[in-house]
>>> print(open('work.tsv').read())   # TSV, C-alpha atoms
chain	number	residue	atom	x	y	z
M	102	PHE	CA	64.89	80.61	-92.14
M	103	SER	CA	64.16	80.41	-88.45
M	104	LEU	CA	61.42	82.17	-86.55
M	105	CYS	CA	63.21	81.59	-83.28
M	106	PRO	CA	66.08	83.86	-82.21
M	107	HIS	CA	69.49	82.36	-81.70
M	108	GLY	CA	71.16	82.59	-78.33
M	109	THR	CA	69.91	82.10	-74.80
M	110	PHE	CA	67.85	84.17	-72.43
M	111	PRO	CA	67.81	84.17	-68.61
M	112	LEU	CA	65.18	81.85	-67.22
M	113	ARG	CA	64.66	83.88	-64.03
M	114	PRO	CA	64.40	87.62	-64.75
M	115	SER	CA	64.65	90.03	-61.86
M	116	ALA	CA	61.43	90.57	-59.95
M	117	GLN	CA	62.18	94.29	-59.67
M	118	HIS	CA	63.06	95.12	-63.23
M	119	THR	CA	63.25	93.32	-66.54
M	120	PRO	CA	65.78	94.97	-68.89
M	121	PRO	CA	64.40	95.85	-72.33
M	122	HIS	CA	66.55	93.26	-74.13
M	123	MET	CA	65.25	90.55	-71.79
M	124	ALA	CA	61.67	91.65	-72.34
M	125	ARG	CA	62.20	91.40	-76.08
M	126	GLY	CA	63.75	87.98	-75.57
M	127	TRP	CA	60.80	86.67	-73.60
M	128	GLY	CA	58.45	88.11	-76.21
M	129	ALA	CA	60.34	86.36	-78.99
M	130	LEU	CA	60.22	83.07	-77.11
M	131	LEU	CA	56.46	83.44	-76.66
M	132	VAL	CA	56.02	84.09	-80.40
M	133	CYS	CA	58.14	81.01	-81.17
M	134	ALA	CA	56.05	78.87	-78.85
M	135	LEU	CA	52.84	80.02	-80.54
M	136	LEU	CA	54.12	79.66	-84.12
M	137	TRP	CA	56.25	76.54	-83.74
M	138	PRO	CA	53.52	74.10	-84.93
M	139	TRP	CA	53.50	75.96	-88.25
M	140	ALA	CA	57.25	76.55	-88.42
M	141	ALA	CA	58.24	72.96	-87.65
M	142	PRO	CA	59.39	70.81	-90.59
M	143	GLN	CA	56.37	69.53	-92.50
M	144	ARG	CA	57.76	66.10	-93.37
M	145	THR	CA	54.29	64.49	-93.33
M	146	TRP	CA	52.10	67.32	-94.58
M	147	MET	CA	50.55	65.17	-97.32
M	148	ARG	CA	49.40	62.68	-94.71
M	149	ASP	CA	48.28	65.42	-92.35
M	150	ASP	CA	46.27	67.13	-95.12
M	151	SER	CA	45.02	63.93	-96.76
M	152	ALA	CA	41.37	64.85	-96.22
M	153	ALA	CA	41.86	68.03	-98.25
M	154	ILE	CA	44.13	66.73	-101.03
M	155	GLY	CA	43.31	63.02	-101.24
M	156	GLY	CA	40.69	63.48	-103.93
M	157	LEU	CA	42.83	65.77	-106.10
M	158	THR	CA	45.18	64.79	-108.90
M	159	LEU	CA	48.76	65.99	-109.04
M	160	LEU	CA	47.84	68.46	-111.77
M	161	GLN	CA	45.36	70.02	-109.36
M	162	LEU	CA	47.98	70.51	-106.66
M	163	THR	CA	50.65	73.16	-106.28
M	164	LEU	CA	53.55	71.34	-104.67
M	165	PRO	CA	56.14	73.22	-102.60
M	166	GLY	CA	59.48	72.84	-104.30
M	167	SER	CA	62.89	74.31	-105.00
M	168	HIS	CA	64.63	75.68	-108.09
M	169	ASN	CA	68.16	74.38	-108.74
M	170	SER	CA	67.51	71.87	-105.98
M	171	GLY	CA	71.04	70.47	-106.14
M	172	ASN	CA	72.62	73.88	-105.56
M	173	GLY	CA	73.05	73.20	-101.88
M	174	PRO	CA	76.10	73.59	-99.64
M	175	SER	CA	77.83	70.64	-101.34
M	176	LEU	CA	77.91	72.37	-104.76
M	177	GLY	CA	81.59	72.58	-105.57
M	178	ALA	CA	84.41	73.06	-108.03
M	179	ASP	CA	86.09	69.68	-107.53
M	180	GLN	CA	84.50	68.39	-110.74
M	181	ILE	CA	83.81	71.06	-113.35
M	182	TRP	CA	81.46	70.55	-116.28
M	183	PRO	CA	83.47	72.28	-119.05
M	184	ASP	CA	80.62	73.20	-121.41
M	185	LYS	CA	79.03	75.46	-118.80
M	186	ASP	CA	82.21	76.67	-117.11
M	187	VAL	CA	82.32	80.49	-117.09
M	188	TRP	CA	86.01	80.71	-116.15
M	189	ALA	CA	87.15	81.22	-119.76
M	190	GLU	CA	84.60	84.00	-120.26
M	191	PHE	CA	85.78	85.66	-117.06
M	192	GLN	CA	89.40	85.46	-118.23
M	193	ARG	CA	88.53	87.32	-121.42
M	194	HIS	CA	86.80	90.08	-119.50
M	195	ALA	CA	89.59	90.19	-116.92
M	196	ALA	CA	92.25	90.53	-119.61
M	197	ARG	CA	90.45	93.51	-121.14
M	198	ARG	CA	90.35	95.17	-117.73
M	199	GLY	CA	93.95	94.40	-116.89
M	200	ARG	CA	93.09	91.80	-114.27
M	201	ALA	CA	94.44	88.69	-115.93
M	202	TRP	CA	96.37	87.95	-112.73
M	203	VAL	CA	93.23	86.56	-111.04
M	204	GLN	CA	93.71	82.85	-110.32
M	205	ARG	CA	91.10	80.16	-110.78
M	206	SER	CA	90.95	79.44	-107.06
M	207	ALA	CA	90.22	83.09	-106.28
M	208	PHE	CA	87.56	83.21	-108.98
M	209	ASP	CA	85.81	80.10	-107.62
M	210	ALA	CA	85.99	81.42	-104.06
M	211	ALA	CA	84.16	84.58	-105.16
M	212	PHE	CA	81.77	83.14	-107.75
M	213	LEU	CA	80.76	79.76	-106.35
M	214	PRO	CA	78.81	81.13	-103.35
M	215	TRP	CA	76.55	83.05	-105.75
M	216	ASN	CA	75.49	79.71	-107.24
M	217	VAL	CA	74.45	78.13	-103.95
M	218	ASN	CA	70.69	78.66	-104.08
M	219	GLN	CA	69.68	76.34	-101.23
M	220	ASP	CA	70.90	76.33	-97.64
M	221	ALA	CA	70.02	72.64	-97.25
M	222	GLU	CA	70.74	69.48	-99.20
M	223	LEU	CA	67.93	67.57	-100.89
M	224	ALA	CA	67.44	65.18	-97.96
M	225	GLN	CA	66.84	68.11	-95.61
M	226	GLN	CA	64.56	69.78	-98.16
M	227	LEU	CA	62.41	66.64	-98.15
M	228	GLU	CA	62.19	66.76	-94.37
M	229	ALA	CA	61.16	70.42	-94.57
M	230	GLY	CA	58.14	69.54	-96.71
M	231	LEU	CA	59.35	70.16	-100.26
M	232	ARG	CA	57.93	67.71	-102.80
M	233	PHE	CA	59.13	69.06	-106.17
M	234	PHE	CA	62.82	69.14	-107.06
M	235	HIS	CA	64.44	70.74	-110.09
M	236	LEU	CA	67.69	69.10	-111.23
M	237	LYS	CA	69.92	70.15	-114.13
M	238	LEU	CA	71.81	67.10	-115.30
M	239	CYS	CA	75.23	66.72	-116.88
M	240	ASN	CA	76.34	63.30	-118.04
M	241	PHE	CA	79.96	62.34	-117.38
M	242	ASN	CA	79.44	58.86	-118.83
M	243	ALA	CA	81.39	58.32	-122.03
M	244	ARG	CA	79.25	58.02	-125.13
M	245	GLY	CA	78.50	54.35	-125.75
M	246	ALA	CA	79.77	53.25	-122.33
M	247	ALA	CA	77.67	51.72	-119.58
M	248	PHE	CA	75.24	54.29	-118.17
M	249	LEU	CA	75.98	54.83	-114.47
M	250	LEU	CA	73.86	57.08	-112.27
M	251	GLN	CA	76.94	57.92	-110.20
M	252	ARG	CA	78.43	59.54	-113.33
M	253	VAL	CA	75.47	61.89	-113.75
M	254	HIS	CA	75.47	65.04	-111.63
M	255	HIS	CA	73.37	68.06	-110.94
M	256	CYS	CA	75.33	70.96	-112.42
M	257	HIS	CA	75.05	74.73	-112.55
M	258	ARG	CA	77.40	77.16	-114.29
M	259	GLY	CA	79.96	74.38	-114.52
M	260	TYR	CA	79.91	73.55	-110.83
M	261	THR	CA	78.60	70.15	-109.82
M	262	GLY	CA	76.54	68.93	-106.92
M	263	PRO	CA	75.88	65.40	-105.70
M	264	ALA	CA	75.65	62.53	-108.14
M	265	LEU	CA	72.16	61.62	-109.29
M	266	LEU	CA	72.60	58.23	-107.61
M	267	HIS	CA	73.04	59.99	-104.27
M	268	LEU	CA	70.06	62.30	-104.80
M	269	LEU	CA	67.78	59.44	-105.86
M	270	SER	CA	68.91	57.43	-102.83
M	271	ASP	CA	67.82	60.29	-100.59
M	272	VAL	CA	64.41	60.36	-102.29
M	273	ARG	CA	63.96	56.58	-102.10
M	274	GLN	CA	64.93	56.45	-98.44
M	275	PHE	CA	62.52	59.26	-97.61
M	276	LEU	CA	59.67	57.55	-99.46
M	277	LYS	CA	60.38	54.27	-97.68
M	278	THR	CA	60.09	55.88	-94.27
M	279	HIS	CA	57.19	58.19	-95.21
M	280	PRO	CA	54.62	56.05	-97.05
M	281	SER	CA	52.06	58.86	-97.09
M	282	GLU	CA	54.23	61.22	-99.16
M	283	LEU	CA	55.06	61.42	-102.86
M	284	VAL	CA	57.79	63.28	-104.78
M	285	VAL	CA	58.04	64.86	-108.23
M	286	LEU	CA	61.41	65.32	-109.95
M	287	GLY	CA	61.88	67.85	-112.74
M	288	LEU	CA	64.93	66.98	-114.86
M	289	ASN	CA	66.27	69.26	-117.59
M	290	ASN	CA	69.31	70.70	-119.41
M	291	PHE	CA	70.80	67.23	-120.07
M	292	GLU	CA	74.32	68.42	-120.81
M	293	GLY	CA	77.01	66.20	-122.26
M	294	SER	CA	76.53	62.85	-123.94
M	295	PHE	CA	72.76	62.86	-123.53
M	296	ASP	CA	71.91	61.53	-126.95
M	297	THR	CA	68.80	59.46	-127.63
M	298	GLU	CA	70.37	56.30	-126.27
M	299	ALA	CA	71.51	58.04	-123.09
M	300	HIS	CA	68.00	59.40	-122.53
M	301	LYS	CA	66.61	55.88	-122.88
M	302	ALA	CA	69.29	54.57	-120.52
M	303	LEU	CA	68.39	57.25	-117.96
M	304	ALA	CA	64.70	56.31	-118.17
M	305	ARG	CA	65.52	52.63	-117.65
M	306	ALA	CA	67.84	53.44	-114.76
M	307	LEU	CA	65.13	55.49	-113.03
M	308	VAL	CA	62.54	52.72	-113.41
M	309	ASN	CA	64.97	50.09	-112.14
M	310	PHE	CA	66.13	52.26	-109.25
M	311	PHE	CA	62.62	52.64	-107.89
M	312	ALA	CA	61.44	49.14	-108.81
M	313	PRO	CA	59.93	47.10	-105.94
M	314	PRO	CA	62.87	44.64	-105.67
M	315	GLN	CA	64.94	47.57	-104.42
M	316	GLY	CA	62.23	48.39	-101.93
M	317	GLY	CA	61.14	51.64	-103.49
M	318	PRO	CA	57.70	52.74	-104.66
M	319	ALA	CA	56.67	52.47	-108.30
M	320	LEU	CA	56.83	55.47	-110.60
M	321	ILE	CA	53.77	57.56	-111.36
M	322	THR	CA	52.68	57.17	-114.99
M	323	PRO	CA	51.92	60.12	-117.29
M	324	GLN	CA	48.28	59.03	-117.33
M	325	ASP	CA	48.16	59.30	-113.53
M	326	LEU	CA	49.00	62.99	-113.47
M	327	GLY	CA	45.59	64.28	-114.43
M	328	THR	CA	43.34	61.31	-113.72
M	329	THR	CA	44.40	59.45	-110.56
M	330	PRO	CA	43.66	61.05	-107.18
M	331	VAL	CA	46.48	61.31	-104.68
M	332	ARG	CA	44.86	58.81	-102.30
M	333	GLU	CA	44.75	56.21	-105.09
M	334	LEU	CA	48.40	56.82	-105.95
M	335	LEU	CA	49.34	56.29	-102.32
M	336	LYS	CA	47.19	53.16	-102.07
M	337	ALA	CA	48.92	51.71	-105.16
M	338	ASP	CA	52.34	52.83	-103.86
M	339	ARG	CA	52.98	54.85	-107.02
M	340	ARG	CA	54.80	57.75	-105.44
>>> encode(input="work.tsv", output="structure tokens")
Amino acid sequence: FSLCPHGTFPLRPSAQHTPPHMARGWGALLVCALLWPWAAPQRTWMRDDSAAIGGLTLLQLTLPGSHNSGNGPSLGADQIWPDKDVWAEFQRHAARRGRAWVQRSAFDAAFLPWNVNQDAELAQQLEAGLRFFHLKLCNFNARGAAFLLQRVHHCHRGYTGPALLHLLSDVRQFLKTHPSELVVLGLNNFEGSFDTEAHKALARALVNFFAPPQGGPALITPQDLGTTPVRELLKADRR
């Protein structure tokens, strides 16, 4: 959301009389000027608040985050995950109500916007200060085939967002340019061919993706969560 009104206001109001709408406009601009330091994107809030949070562990912090983080404007119907697709269920209900004439394109046009939970993509969410991201994964890799991060997507109700490779690239780039920040990813659902081997392959892919040769920070270990203060994690570049 934005605290500042959209549109423009005259810079030189009449000396004799200021119309009510202009007075409201100047008042809104004054409020924006006063509140802007708090409304501005908090891309470095962990650095800025290091004195307060540096001695705390991650389990002692409440991180700002988003639910269904991949449900941004790019969520689409170009690649549907069939196991969660609600189109067939809708068709059954539509047939009972005599509306079987509804086409898939019309259904998606009406239903897809209800699944867009975020008005910004993950990269912009990072810039806005979010540090926890919830991703529901569906695996388009064939069982037994090479595990490719570009074949794993965030998905919701059958619709798919960016590939995990793209989302992780956004996180890695942000961490490279903001060495005082750290990020937590919450992965769940694991639809599709996520058997034991695929889970192991995903874990290896995540470790390799953020390994130092690629220029990214190291992963935080489970032991770190409740024992290692944030300042020590940052010093060790485990972010």
>>> residues_around(input="work.tsv", residues="range 273-283 of chain M", least_positions_apart="2", cutoff="7 Å", atoms="only C-alpha atoms", output="PyMOL selection string")
chain M and resi 145+147-148+232+269-271+317+335+340
>>> atom_distance(input="work.tsv", atom1="CA of Arg200 in chain M", atom2="CA of Leu213 in chain M")
19.0 Å
>>> closest_residue(input="work.tsv", among="M:Gln226, M:Asn169, M:Thr297, M:Gln251", to="Pro263 in chain M", atoms="only C-alpha atoms")
M:Gln251
>>> residues_around(input="work.tsv", residues="Ala337 in chain M", least_positions_apart="2", cutoff="12 Å", atoms="all atoms listed in the file", output="MDAnalysis selection string")
chainID M and resid 280:281 283 313 318:322 325 329:335 339:340
>>> write_last_selection(input="work.tsv", atoms="C-alpha atoms", output="PDB file, in the frame of the given file")
ATOM      1  CA  PRO M 280      54.620  56.050 -97.050  1.00  0.00           C
ATOM      2  CA  SER M 281      52.060  58.860 -97.090  1.00  0.00           C
ATOM      3  CA  LEU M 283      55.060  61.420-102.860  1.00  0.00           C
ATOM      4  CA  PRO M 313      59.930  47.100-105.940  1.00  0.00           C
ATOM      5  CA  PRO M 318      57.700  52.740-104.660  1.00  0.00           C
ATOM      6  CA  ALA M 319      56.670  52.470-108.300  1.00  0.00           C
ATOM      7  CA  LEU M 320      56.830  55.470-110.600  1.00  0.00           C
ATOM      8  CA  ILE M 321      53.770  57.560-111.360  1.00  0.00           C
ATOM      9  CA  THR M 322      52.680  57.170-114.990  1.00  0.00           C
ATOM     10  CA  ASP M 325      48.160  59.300-113.530  1.00  0.00           C
ATOM     11  CA  THR M 329      44.400  59.450-110.560  1.00  0.00           C
ATOM     12  CA  PRO M 330      43.660  61.050-107.180  1.00  0.00           C
ATOM     13  CA  VAL M 331      46.480  61.310-104.680  1.00  0.00           C
ATOM     14  CA  ARG M 332      44.860  58.810-102.300  1.00  0.00           C
ATOM     15  CA  GLU M 333      44.750  56.210-105.090  1.00  0.00           C
ATOM     16  CA  LEU M 334      48.400  56.820-105.950  1.00  0.00           C
ATOM     17  CA  LEU M 335      49.340  56.290-102.320  1.00  0.00           C
ATOM     18  CA  ARG M 339      52.980  54.850-107.020  1.00  0.00           C
ATOM     19  CA  ARG M 340      54.800  57.750-105.440  1.00  0.00           C
TER      20      ARG M 340
END
>>> residues_around(input="work.tsv", residues="Asn290 in chain M", least_positions_apart="2", cutoff="7 Å", atoms="only C-alpha atoms", output="tab-separated table (two decimals) with C-alpha atoms, keeping the file's coordinate frame")
chain	number	residue	atom	x	y	z
M	237	LYS	CA	69.92	70.15	-114.13
M	238	LEU	CA	71.81	67.10	-115.30
M	292	GLU	CA	74.32	68.42	-120.81
